[in-house]
>>> print(open('start-v2.txt').read())   # compact mmCIF, C-alpha atoms
# COMPACT_ATOMS: atom_id res chain seq x y z
CA MET V 49 105.83 -58.69 -114.67
CA LEU V 50 106.16 -55.03 -115.52
CA GLY V 51 103.16 -53.15 -114.25
CA GLU V 52 101.91 -56.05 -112.19
CA ARG V 53 98.46 -55.18 -110.93
CA VAL V 54 96.16 -56.16 -108.12
CA VAL V 55 92.71 -56.87 -109.51
CA GLY V 56 89.95 -58.66 -107.63
CA GLY V 57 92.27 -58.77 -104.61
CA LYS V 58 94.89 -60.89 -106.40
CA LYS V 59 98.19 -60.01 -108.07
CA CYS V 60 98.95 -61.06 -111.64
CA SER V 61 101.66 -63.41 -110.39
CA GLU V 62 99.21 -65.18 -108.09
CA VAL V 63 96.84 -65.74 -110.99
CA LEU V 64 99.70 -66.97 -113.18
CA GLY V 65 100.39 -69.64 -110.57
CA LEU V 66 96.78 -70.87 -110.75
CA LEU V 67 96.44 -71.02 -114.54
CA SER V 68 97.06 -74.73 -115.01
CA ARG V 69 94.68 -75.71 -112.27
CA TYR V 70 92.10 -73.32 -113.75
CA LEU V 71 92.53 -75.00 -117.13
CA ASP V 72 92.07 -78.42 -115.51
CA GLY V 73 88.95 -77.36 -113.59
CA ASP V 74 90.87 -78.05 -110.41
CA LEU V 75 90.33 -74.80 -108.45
CA ASP V 76 88.11 -74.51 -105.42
CA ALA V 77 85.26 -71.99 -105.55
CA ASP V 78 87.28 -69.13 -103.98
CA GLU V 79 90.29 -69.65 -106.24
CA HIS V 80 88.05 -69.86 -109.29
CA ARG V 81 86.37 -66.59 -108.38
CA TRP V 82 89.77 -64.87 -107.85
CA VAL V 83 90.95 -65.92 -111.30
CA VAL V 84 87.73 -64.97 -113.09
CA THR V 85 87.47 -61.59 -111.33
CA HIS V 86 91.14 -60.81 -111.96
CA VAL V 87 91.04 -61.76 -115.63
CA GLU V 88 87.87 -59.73 -116.22
CA GLY V 89 89.73 -56.63 -115.06
CA CYS V 90 93.25 -57.36 -116.36
CA ALA V 91 93.72 -57.36 -120.13
CA ALA V 92 97.29 -58.67 -119.90
CA CYS V 93 96.31 -61.74 -117.90
CA ALA V 94 93.23 -62.31 -120.08
CA SER V 95 95.40 -62.26 -123.19
CA PHE V 96 98.07 -64.52 -121.72
CA GLY V 97 95.49 -66.92 -120.30
CA SER V 98 93.83 -67.37 -123.65
CA ARG V 99 97.17 -67.96 -125.43
CA PHE V 100 98.20 -70.40 -122.72
CA ALA V 101 94.96 -72.40 -123.13
CA GLU V 102 95.25 -72.29 -126.92
CA ALA V 103 98.82 -73.58 -126.91
CA ILE V 104 97.90 -76.52 -124.67
CA ALA V 105 94.89 -77.30 -126.87
CA ARG V 106 97.22 -77.31 -129.88
CA LEU V 107 99.55 -79.75 -128.17
CA ARG V 108 96.64 -82.13 -127.54
CA GLU V 109 95.43 -81.86 -131.13
CA GLU V 110 98.88 -82.53 -132.50
CA ALA V 111 99.11 -85.71 -130.44
CA ALA V 112 95.95 -87.05 -132.02
CA ARG V 113 97.47 -86.64 -135.50
CA GLU V 114 100.84 -88.18 -134.83
CA GLY V 115 101.46 -91.68 -136.19
CA LEU V 116 104.31 -94.15 -135.88
CA PRO V 117 107.36 -93.55 -138.08
CA GLU V 118 107.45 -95.81 -141.12
CA GLY V 119 108.46 -99.40 -140.45
CA VAL V 120 108.28 -99.20 -136.66
CA GLY V 121 104.99 -101.08 -136.40
CA ALA V 122 106.08 -103.78 -138.83
CA ARG V 123 109.38 -104.36 -137.04
CA LEU V 124 107.59 -104.58 -133.70
CA LYS V 125 105.18 -107.13 -135.09
CA ALA V 126 108.06 -109.21 -136.53
CA ARG V 127 109.92 -109.14 -133.20
CA LEU V 128 106.80 -110.26 -131.33
CA ARG V 129 106.12 -113.02 -133.85
CA SER V 130 109.66 -114.26 -133.41
CA ALA V 131 109.26 -114.25 -129.60
CA GLN V 132 105.89 -116.01 -129.79
CA SER V 133 107.20 -118.74 -132.07
CA GLY V 134 110.43 -119.22 -130.14
CA MET Z 36 94.64 -90.42 -127.22
CA GLN Z 37 91.23 -91.86 -127.92
CA ASP Z 38 92.53 -94.74 -130.03
CA HIS Z 39 92.29 -97.48 -127.44
CA PRO Z 40 89.36 -99.84 -126.87
CA ASP Z 41 86.99 -99.35 -123.97
CA ALA Z 42 87.88 -101.03 -120.68
CA HIS Z 43 85.40 -103.87 -121.08
CA ALA Z 44 86.54 -104.81 -124.59
CA GLU Z 45 90.14 -104.47 -123.52
CA ALA Z 46 89.70 -106.78 -120.54
CA ALA Z 47 88.27 -109.37 -122.95
CA LEU Z 48 91.26 -108.96 -125.28
CA ILE Z 49 93.67 -109.36 -122.36
CA ALA Z 50 91.91 -112.54 -121.24
CA GLN Z 51 92.15 -113.94 -124.78
CA ALA Z 52 95.82 -112.96 -125.06
CA ARG Z 53 96.53 -114.64 -121.71
CA ALA Z 54 94.91 -117.78 -123.11
CA GLY Z 55 97.45 -117.68 -125.94
CA ASP Z 56 95.51 -115.98 -128.73
CA PRO Z 57 98.15 -114.07 -130.74
CA GLY Z 58 95.46 -112.12 -132.58
CA ALA Z 59 94.22 -110.67 -129.30
CA PHE Z 60 97.71 -109.57 -128.34
CA ASP Z 61 98.12 -108.02 -131.81
CA ALA Z 62 94.97 -106.01 -131.20
CA LEU Z 63 96.38 -104.74 -127.90
CA VAL Z 64 99.62 -103.79 -129.62
CA GLU Z 65 97.72 -102.01 -132.36
CA ALA Z 66 95.72 -100.04 -129.79
CA HIS Z 67 98.67 -98.89 -127.69
CA GLN Z 68 101.82 -98.84 -129.83
CA ARG Z 69 101.51 -95.17 -130.76
CA ALA Z 70 101.14 -94.12 -127.13
CA VAL Z 71 104.07 -96.24 -125.98
CA PHE Z 72 106.28 -94.96 -128.80
CA ARG Z 73 105.36 -91.32 -128.12
CA PHE Z 74 106.16 -91.72 -124.44
CA ALA Z 75 109.40 -93.55 -125.19
CA ARG Z 76 110.41 -90.80 -127.58
CA ALA Z 77 109.61 -88.17 -124.97
CA LEU Z 78 111.89 -89.97 -122.53
CA THR Z 79 114.78 -90.87 -124.80
CA HIS Z 80 114.64 -87.97 -127.27
CA ASN Z 81 115.78 -90.43 -129.91
CA ASP Z 82 113.66 -92.38 -132.40
CA ALA Z 83 115.96 -95.42 -132.54
CA LEU Z 84 116.07 -95.74 -128.77
CA ALA Z 85 112.33 -95.17 -128.60
CA GLU Z 86 111.84 -98.07 -131.01
CA ASP Z 87 114.00 -100.30 -128.79
CA VAL Z 88 111.91 -99.25 -125.78
CA LEU Z 89 108.71 -99.93 -127.72
CA GLN Z 90 109.85 -103.46 -128.58
CA GLU Z 91 111.10 -104.19 -125.06
CA THR Z 92 107.84 -102.92 -123.60
CA PHE Z 93 105.64 -105.23 -125.64
CA LEU Z 94 107.99 -108.18 -125.21
CA SER Z 95 107.85 -107.65 -121.43
CA ALA Z 96 104.09 -107.24 -121.60
CA LEU Z 97 103.78 -110.47 -123.57
CA GLU Z 98 105.82 -112.34 -120.98
CA GLY Z 99 104.22 -110.66 -117.99
CA LEU Z 100 100.62 -110.44 -119.10
CA GLY Z 101 99.60 -112.47 -116.07
CA ALA Z 102 100.94 -109.70 -113.81
CA TRP Z 103 98.53 -107.05 -115.08
CA ARG Z 104 95.81 -106.21 -112.59
CA ALA Z 105 92.63 -104.38 -113.46
CA GLU Z 106 93.22 -101.64 -110.86
CA SER Z 107 95.42 -99.77 -113.34
CA SER Z 108 94.53 -99.30 -116.98
CA PHE Z 109 96.40 -101.52 -119.41
CA ARG Z 110 97.85 -98.43 -121.07
CA THR Z 111 99.18 -97.10 -117.76
CA TRP Z 112 100.72 -100.51 -117.04
CA LEU Z 113 102.45 -100.43 -120.44
CA LEU Z 114 103.69 -96.89 -119.83
CA VAL Z 115 105.22 -97.95 -116.50
CA ILE Z 116 107.06 -100.79 -118.30
CA ALA Z 117 108.17 -98.34 -121.01
CA ARG Z 118 109.42 -95.87 -118.43
CA ASN Z 119 111.51 -98.52 -116.71
CA ALA Z 120 112.94 -99.64 -120.06
CA ALA Z 121 113.68 -96.06 -121.09
CA LEU Z 122 115.42 -95.31 -117.79
CA LYS Z 123 117.84 -98.13 -118.54
CA HIS Z 124 118.62 -96.65 -121.94
CA ARG Z 125 118.58 -92.98 -121.46
CA ARG Z 126 121.52 -91.05 -120.27
CA ARG Z 127 120.74 -89.66 -116.87
CA ASP Z 128 119.51 -86.16 -117.18
CA ARG Z 129 122.61 -84.21 -116.26
CA GLU Z 130 121.70 -81.22 -118.34
CA ARG Z 131 121.66 -78.78 -115.47
CA PRO Z 132 122.98 -80.50 -112.36
CA GLY Z 133 122.19 -78.63 -109.20
CA GLU Z 134 120.52 -75.77 -111.01
CA GLN Z 135 117.46 -74.36 -109.29
CA GLU Z 136 114.17 -74.61 -111.13
CA PRO Z 137 112.94 -71.24 -112.38
CA ASP Z 138 109.83 -69.88 -110.70
CA PHE Z 139 106.49 -69.52 -112.45
CA GLU Z 140 107.03 -65.81 -113.09
CA THR Z 141 110.35 -66.37 -114.87
CA LEU Z 142 108.82 -69.13 -116.97
CA GLY Z 143 105.75 -66.98 -117.58
CA ARG Z 144 107.80 -64.05 -118.87
CA ASP Z 145 109.50 -66.35 -121.38
CA ALA Z 146 106.04 -67.49 -122.44
CA GLY Z 147 104.86 -63.92 -123.07
CA TRP Z 148 103.12 -63.29 -119.75
CA GLY Z 149 102.71 -59.54 -119.31
CA ASP Z 150 103.78 -58.81 -122.87
CA VAL Z 151 100.74 -56.80 -123.89
CA ASP Z 152 102.26 -55.72 -127.21
CA SER Z 153 102.41 -59.20 -128.73
CA PRO Z 154 98.94 -60.70 -128.77
CA GLU Z 155 100.14 -63.29 -131.28
CA ARG Z 156 97.80 -66.10 -132.17
CA ILE Z 157 98.77 -69.63 -133.00
CA ALA Z 158 98.31 -70.13 -136.71
CA ALA Z 159 96.20 -73.12 -137.75
CA SER Z 160 98.56 -74.55 -140.31
CA HIS Z 161 100.89 -77.39 -141.07
CA GLU Z 162 103.75 -75.13 -140.07
CA ALA Z 163 102.12 -74.55 -136.69
CA ALA Z 164 101.82 -78.33 -136.18
CA SER Z 165 105.56 -78.71 -136.82
CA ALA Z 166 106.22 -75.85 -134.42
CA VAL Z 167 104.26 -77.71 -131.73
CA THR Z 168 106.36 -80.85 -132.29
CA ARG Z 169 109.63 -78.91 -132.23
CA ALA Z 170 108.61 -76.94 -129.16
CA LEU Z 171 107.81 -80.14 -127.26
CA ALA Z 172 111.07 -81.74 -128.37
CA SER Z 173 113.06 -78.75 -127.14
CA LEU Z 174 111.97 -79.16 -123.51
CA ASP Z 175 113.88 -81.03 -120.83
CA VAL Z 176 113.00 -84.66 -120.18
CA GLU Z 177 110.89 -84.04 -117.08
CA ALA Z 178 108.73 -81.54 -118.93
CA ARG Z 179 108.36 -83.79 -121.99
CA GLU Z 180 107.45 -86.70 -119.75
CA VAL Z 181 104.70 -84.99 -117.77
CA LEU Z 182 103.25 -83.25 -120.84
CA THR Z 183 103.20 -86.50 -122.78
CA LEU Z 184 101.35 -88.32 -120.02
CA ARG Z 185 98.81 -85.58 -119.30
CA GLU Z 186 98.25 -83.84 -122.64
CA LEU Z 187 99.05 -86.52 -125.18
CA GLU Z 188 97.96 -89.70 -123.43
CA GLY Z 189 95.24 -88.10 -121.32
CA LEU Z 190 96.20 -89.82 -118.07
CA SER Z 191 94.49 -88.42 -114.97
CA GLY Z 192 96.43 -86.37 -112.45
CA ASP Z 193 96.45 -89.27 -109.99
CA GLU Z 194 97.66 -91.77 -112.61
CA THR Z 195 100.39 -89.40 -113.77
CA ALA Z 196 101.58 -88.69 -110.23
CA ARG Z 197 101.71 -92.42 -109.40
CA LEU Z 198 103.56 -93.26 -112.60
CA LEU Z 199 106.13 -90.54 -111.94
CA GLY Z 200 106.48 -91.41 -108.27
CA LEU Z 201 105.42 -87.91 -107.21
CA SER Z 202 102.82 -86.53 -104.84
CA LEU Z 203 99.81 -85.08 -106.63
CA ALA Z 204 100.85 -81.56 -105.60
CA ALA Z 205 104.39 -82.04 -106.91
CA MET Z 206 103.05 -83.42 -110.20
CA LYS Z 207 100.75 -80.41 -110.60
CA SER Z 208 103.62 -78.02 -109.99
CA ARG Z 209 105.80 -79.88 -112.50
CA LEU Z 210 102.96 -79.85 -115.03
CA HIS Z 211 102.47 -76.10 -114.66
CA ARG Z 212 106.18 -75.45 -115.17
CA ALA Z 213 106.18 -77.76 -118.18
CA ARG Z 214 103.17 -76.02 -119.72
CA LEU Z 215 104.74 -72.59 -119.26
CA ALA Z 216 108.00 -73.86 -120.73
CA PHE Z 217 106.07 -75.33 -123.67
CA VAL Z 218 104.25 -72.03 -124.32
CA ALA Z 219 107.61 -70.22 -124.21
CA ALA Z 220 109.16 -72.74 -126.61
CA LEU Z 221 106.22 -72.49 -128.99
CA ARG Z 222 106.44 -68.72 -128.90
CA ALA Z 223 110.14 -68.91 -129.71
CA GLU Z 224 109.43 -71.29 -132.60
CA GLN Z 225 106.82 -68.97 -134.02
CA GLY Z 226 108.99 -65.92 -133.57
CA HIS Z 227 111.74 -67.73 -135.42
CA HIS Z 228 109.47 -68.54 -138.35
CA ALA Z 229 107.98 -65.06 -138.47
CA ARG Z 230 111.40 -63.58 -139.26
>>> encode(input="start-v2.txt", output="structure tokens")
Amino acid sequence: MLGERVVGGKKCSEVLGLLSRYLDGDLDADEHRWVVTHVEGCAACASFGSRFAEAIARLREEAAREGLPEGVGARLKARLRSAQSG
Amino acid sequence: MQDHPDAHAEAALIAQARAGDPGAFDALVEAHQRAVFRFARALTHNDALAEDVLQETFLSALEGLGAWRAESSFRTWLLVIARNAALKHRRRDRERPGEQEPDFETLGRDAGWGDVDSPERIAASHEAASAVTRALASLDVEAREVLTLRELEGLSGDETARLLGLSLAAMKSRLHRARLAFVAALRAEQGHHAR
């Protein structure tokens, strides 16, 4: 990253590597503190971290909306009926 | 991902289906068909093949219902069957044989990490929803697979690692790469539509 900084004793690249585990609540207390301290003092990582979290949230929301393509459920049911009766 | 019955109700449905109640099996199909199809599509990248995998999965489940054990969720059991069926169908992933995986920083730069001049937001719109779908579809099969299991189906880290045959640490690393690749792909989609 251009202009990579050390904030809170951690480099931007180190914080980048921890982002997923931060999002999943999977960091130990020290790692969590490094990320929070770094992001409080690094606007670039704060901005990227929030866009990263937002994109993943969008992916989860989209999944909840998605249905089966037309006809797929009916054809599955017909195939199962045929197997059950045969 | 919240469209399946609770574990207690599901265990009752499975017991009824094992006893030969077709209505109970229908209810299980109804609860899980979307998840199985989504996962099959993530693996095959093809709706027709995904439909074949969906049908094979539930036919296998119908035949092998007695093999299900309560230590894994019914959905996870179905997803394992679907994965095995999809592996038979799908062309082996030879997209980039021997190529080294990019590191987090390379993936991050593609995703806009360090790009302070483009604080773009993700628009809440129908177009943004399509962009999410296209971005996911543009990823390689390993990324689609791990994102589908974790983000779309809501499997735990342990369940996902077991299903993929990976250590937990390897699954987490793959998930992080996949998320960064997804953010990069979504950014590219949105850049494309902004022009």
>>> closest_residue(input="start-v2.txt", among="V:Glu110, V:Leu66, V:Arg81, V:Gly73", to="Gly97 in chain V", atoms="all atoms listed in the file")
V:Leu66
>>> closest_atom_pairs(input="start-v2.txt", of="chain V", to="chain Z", cutoff="9 Å", atoms="only C-alpha atoms", output="JSON lines")
{"residue": "V:Met49", "atom": "CA", "partner": "Z:Gly149", "partner_atom": "CA", "distance": 5.7}
{"residue": "V:Leu50", "atom": "CA", "partner": "Z:Gly149", "partner_atom": "CA", "distance": 6.8}
{"residue": "V:Gly51", "atom": "CA", "partner": "Z:Gly149", "partner_atom": "CA", "distance": 8.2}
{"residue": "V:Glu52", "atom": "CA", "partner": "Z:Gly149", "partner_atom": "CA", "distance": 8.0}
{"residue": "V:Cys60", "atom": "CA", "partner": "Z:Gly149", "partner_atom": "CA", "distance": 8.7}
{"residue": "V:Ser61", "atom": "CA", "partner": "Z:Glu140", "partner_atom": "CA", "distance": 6.5}
{"residue": "V:Leu64", "atom": "CA", "partner": "Z:Phe139", "partner_atom": "CA", "distance": 7.3}
{"residue": "V:Gly65", "atom": "CA", "partner": "Z:Phe139", "partner_atom": "CA", "distance": 6.4}
{"residue": "V:Leu66", "atom": "CA", "partner": "Z:His211", "partner_atom": "CA", "distance": 8.7}
{"residue": "V:Leu67", "atom": "CA", "partner": "Z:His211", "partner_atom": "CA", "distance": 7.9}
{"residue": "V:Ser68", "atom": "CA", "partner": "Z:His211", "partner_atom": "CA", "distance": 5.6}
{"residue": "V:Arg69", "atom": "CA", "partner": "Z:Lys207", "partner_atom": "CA", "distance": 7.9}
{"residue": "V:Ala91", "atom": "CA", "partner": "Z:Val151", "partner_atom": "CA", "distance": 8.0}
{"residue": "V:Ala92", "atom": "CA", "partner": "Z:Gly149", "partner_atom": "CA", "distance": 5.5}
{"residue": "V:Cys93", "atom": "CA", "partner": "Z:Gly149", "partner_atom": "CA", "distance": 6.9}
{"residue": "V:Ser95", "atom": "CA", "partner": "Z:Pro154", "partner_atom": "CA", "distance": 6.8}
{"residue": "V:Phe96", "atom": "CA", "partner": "Z:Trp148", "partner_atom": "CA", "distance": 5.6}
{"residue": "V:Gly97", "atom": "CA", "partner": "Z:Trp148", "partner_atom": "CA", "distance": 8.5}
{"residue": "V:Arg99", "atom": "CA", "partner": "Z:Arg156", "partner_atom": "CA", "distance": 7.0}
{"residue": "V:Phe100", "atom": "CA", "partner": "Z:Val218", "partner_atom": "CA", "distance": 6.5}
{"residue": "V:Glu102", "atom": "CA", "partner": "Z:Ile157", "partner_atom": "CA", "distance": 7.5}
{"residue": "V:Ala103", "atom": "CA", "partner": "Z:Val218", "partner_atom": "CA", "distance": 6.2}
{"residue": "V:Ile104", "atom": "CA", "partner": "Z:Arg214", "partner_atom": "CA", "distance": 7.2}
{"residue": "V:Ala105", "atom": "CA", "partner": "Z:Glu186", "partner_atom": "CA", "distance": 8.5}
{"residue": "V:Arg106", "atom": "CA", "partner": "Z:Val167", "partner_atom": "CA", "distance": 7.3}
{"residue": "V:Leu107", "atom": "CA", "partner": "Z:Val167", "partner_atom": "CA", "distance": 6.2}
{"residue": "V:Arg108", "atom": "CA", "partner": "Z:Glu186", "partner_atom": "CA", "distance": 5.4}
{"residue": "V:Glu109", "atom": "CA", "partner": "Z:Leu187", "partner_atom": "CA", "distance": 8.4}
{"residue": "V:Glu110", "atom": "CA", "partner": "Z:Ala164", "partner_atom": "CA", "distance": 6.3}
{"residue": "V:Ala111", "atom": "CA", "partner": "Z:Leu187", "partner_atom": "CA", "distance": 5.3}
{"residue": "V:Ala112", "atom": "CA", "partner": "Z:Met36", "partner_atom": "CA", "distance": 6.0}
{"residue": "V:Glu114", "atom": "CA", "partner": "Z:Arg69", "partner_atom": "CA", "distance": 8.1}
{"residue": "V:Gly115", "atom": "CA", "partner": "Z:Arg69", "partner_atom": "CA", "distance": 6.5}
{"residue": "V:Leu116", "atom": "CA", "partner": "Z:Arg69", "partner_atom": "CA", "distance": 5.9}
{"residue": "V:Pro117", "atom": "CA", "partner": "Z:Asp82", "partner_atom": "CA", "distance": 8.6}
{"residue": "V:Val120", "atom": "CA", "partner": "Z:Glu86", "partner_atom": "CA", "distance": 6.8}
{"residue": "V:Gly121", "atom": "CA", "partner": "Z:Gln68", "partner_atom": "CA", "distance": 7.6}
{"residue": "V:Arg123", "atom": "CA", "partner": "Z:Gln90", "partner_atom": "CA", "distance": 8.5}
{"residue": "V:Leu124", "atom": "CA", "partner": "Z:Gln90", "partner_atom": "CA", "distance": 5.7}
{"residue": "V:Lys125", "atom": "CA", "partner": "Z:Asp61", "partner_atom": "CA", "distance": 7.8}
{"residue": "V:Arg127", "atom": "CA", "partner": "Z:Gln90", "partner_atom": "CA", "distance": 7.3}
{"residue": "V:Leu128", "atom": "CA", "partner": "Z:Leu94", "partner_atom": "CA", "distance": 6.6}
{"residue": "V:Arg129", "atom": "CA", "partner": "Z:Pro57", "partner_atom": "CA", "distance": 8.6}
{"residue": "V:Ala131", "atom": "CA", "partner": "Z:Leu94", "partner_atom": "CA", "distance": 7.6}
{"residue": "V:Gln132", "atom": "CA", "partner": "Z:Pro57", "partner_atom": "CA", "distance": 8.0}
>>> residues_around(input="start-v2.txt", residues="Thr79 in chain Z", least_positions_apart="5", cutoff="12 Å", atoms="all atoms listed in the file", output="PDB file with C-alpha atoms, in the coordinates of the input")
ATOM      1  CA  PHE Z  72     106.280 -94.960-128.800  1.00  0.00           C
ATOM      2  CA  ARG Z  73     105.360 -91.320-128.120  1.00  0.00           C
ATOM      3  CA  PHE Z  74     106.160 -91.720-124.440  1.00  0.00           C
ATOM      4  CA  LEU Z  84     116.070 -95.740-128.770  1.00  0.00           C
ATOM      5  CA  ALA Z  85     112.330 -95.170-128.600  1.00  0.00           C
ATOM      6  CA  GLU Z  86     111.840 -98.070-131.010  1.00  0.00           C
ATOM      7  CA  ASP Z  87     114.000-100.300-128.790  1.00  0.00           C
ATOM      8  CA  VAL Z  88     111.910 -99.250-125.780  1.00  0.00           C
ATOM      9  CA  LEU Z  89     108.710 -99.930-127.720  1.00  0.00           C
ATOM     10  CA  ALA Z 117     108.170 -98.340-121.010  1.00  0.00           C
ATOM     11  CA  ARG Z 118     109.420 -95.870-118.430  1.00  0.00           C
ATOM     12  CA  ASN Z 119     111.510 -98.520-116.710  1.00  0.00           C
ATOM     13  CA  ALA Z 120     112.940 -99.640-120.060  1.00  0.00           C
ATOM     14  CA  ALA Z 121     113.680 -96.060-121.090  1.00  0.00           C
ATOM     15  CA  LEU Z 122     115.420 -95.310-117.790  1.00  0.00           C
ATOM     16  CA  LYS Z 123     117.840 -98.130-118.540  1.00  0.00           C
ATOM     17  CA  HIS Z 124     118.620 -96.650-121.940  1.00  0.00           C
ATOM     18  CA  ARG Z 125     118.580 -92.980-121.460  1.00  0.00           C
ATOM     19  CA  ARG Z 126     121.520 -91.050-120.270  1.00  0.00           C
ATOM     20  CA  ARG Z 127     120.740 -89.660-116.870  1.00  0.00           C
ATOM     21  CA  ASP Z 128     119.510 -86.160-117.180  1.00  0.00           C
ATOM     22  CA  ALA Z 172     111.070 -81.740-128.370  1.00  0.00           C
ATOM     23  CA  ASP Z 175     113.880 -81.030-120.830  1.00  0.00           C
ATOM     24  CA  VAL Z 176     113.000 -84.660-120.180  1.00  0.00           C
ATOM     25  CA  GLU Z 177     110.890 -84.040-117.080  1.00  0.00           C
ATOM     26  CA  ARG Z 179     108.360 -83.790-121.990  1.00  0.00           C
ATOM     27  CA  GLU Z 180     107.450 -86.700-119.750  1.00  0.00           C
TER      28      GLU Z 180
END
>>> atom_distance(input="start-v2.txt", atom1="CA of Ala50 in chain Z", atom2="CA of Gly119 in chain V")
28.6 Å
>>> atom_distance(input="start-v2.txt", atom1="CA of Ser108 in chain Z", atom2="CA of Ala204 in chain Z")
22.0 Å
>>> closest_residue(input="start-v2.txt", among="Z:Leu190, Z:Val71, Z:Ala196, Z:Leu142", to="Ile116 in chain Z", atoms="all atoms listed in the file")
Z:Val71
>>> atom_distance(input="start-v2.txt", atom1="CA of Ala213 in chain Z", atom2="CA of Val181 in chain Z")
7.4 Å
>>> residues_around(input="start-v2.txt", residues="Thr85 in chain V", least_positions_apart="2", cutoff="12 Å", atoms="all atoms listed in the file", output="mmCIF file with C-alpha atoms, in the coordinates of the input")
data_model
loop_
_atom_site.group_PDB
_atom_site.id
_atom_site.type_symbol
_atom_site.label_atom_id
_atom_site.label_comp_id
_atom_site.auth_asym_id
_atom_site.auth_seq_id
_atom_site.Cartn_x
_atom_site.Cartn_y
_atom_site.Cartn_z
ATOM 1 C CA VAL V 54 96.160 -56.160 -108.120
ATOM 2 C CA VAL V 55 92.710 -56.870 -109.510
ATOM 3 C CA GLY V 56 89.950 -58.660 -107.630
ATOM 4 C CA GLY V 57 92.270 -58.770 -104.610
ATOM 5 C CA LYS V 58 94.890 -60.890 -106.400
ATOM 6 C CA LYS V 59 98.190 -60.010 -108.070
ATOM 7 C CA CYS V 60 98.950 -61.060 -111.640
ATOM 8 C CA VAL V 63 96.840 -65.740 -110.990
ATOM 9 C CA ASP V 78 87.280 -69.130 -103.980
ATOM 10 C CA GLU V 79 90.290 -69.650 -106.240
ATOM 11 C CA HIS V 80 88.050 -69.860 -109.290
ATOM 12 C CA ARG V 81 86.370 -66.590 -108.380
ATOM 13 C CA TRP V 82 89.770 -64.870 -107.850
ATOM 14 C CA VAL V 83 90.950 -65.920 -111.300
ATOM 15 C CA VAL V 87 91.040 -61.760 -115.630
ATOM 16 C CA GLU V 88 87.870 -59.730 -116.220
ATOM 17 C CA GLY V 89 89.730 -56.630 -115.060
ATOM 18 C CA CYS V 90 93.250 -57.360 -116.360
ATOM 19 C CA ALA V 91 93.720 -57.360 -120.130
ATOM 20 C CA CYS V 93 96.310 -61.740 -117.900
ATOM 21 C CA ALA V 94 93.230 -62.310 -120.080
#
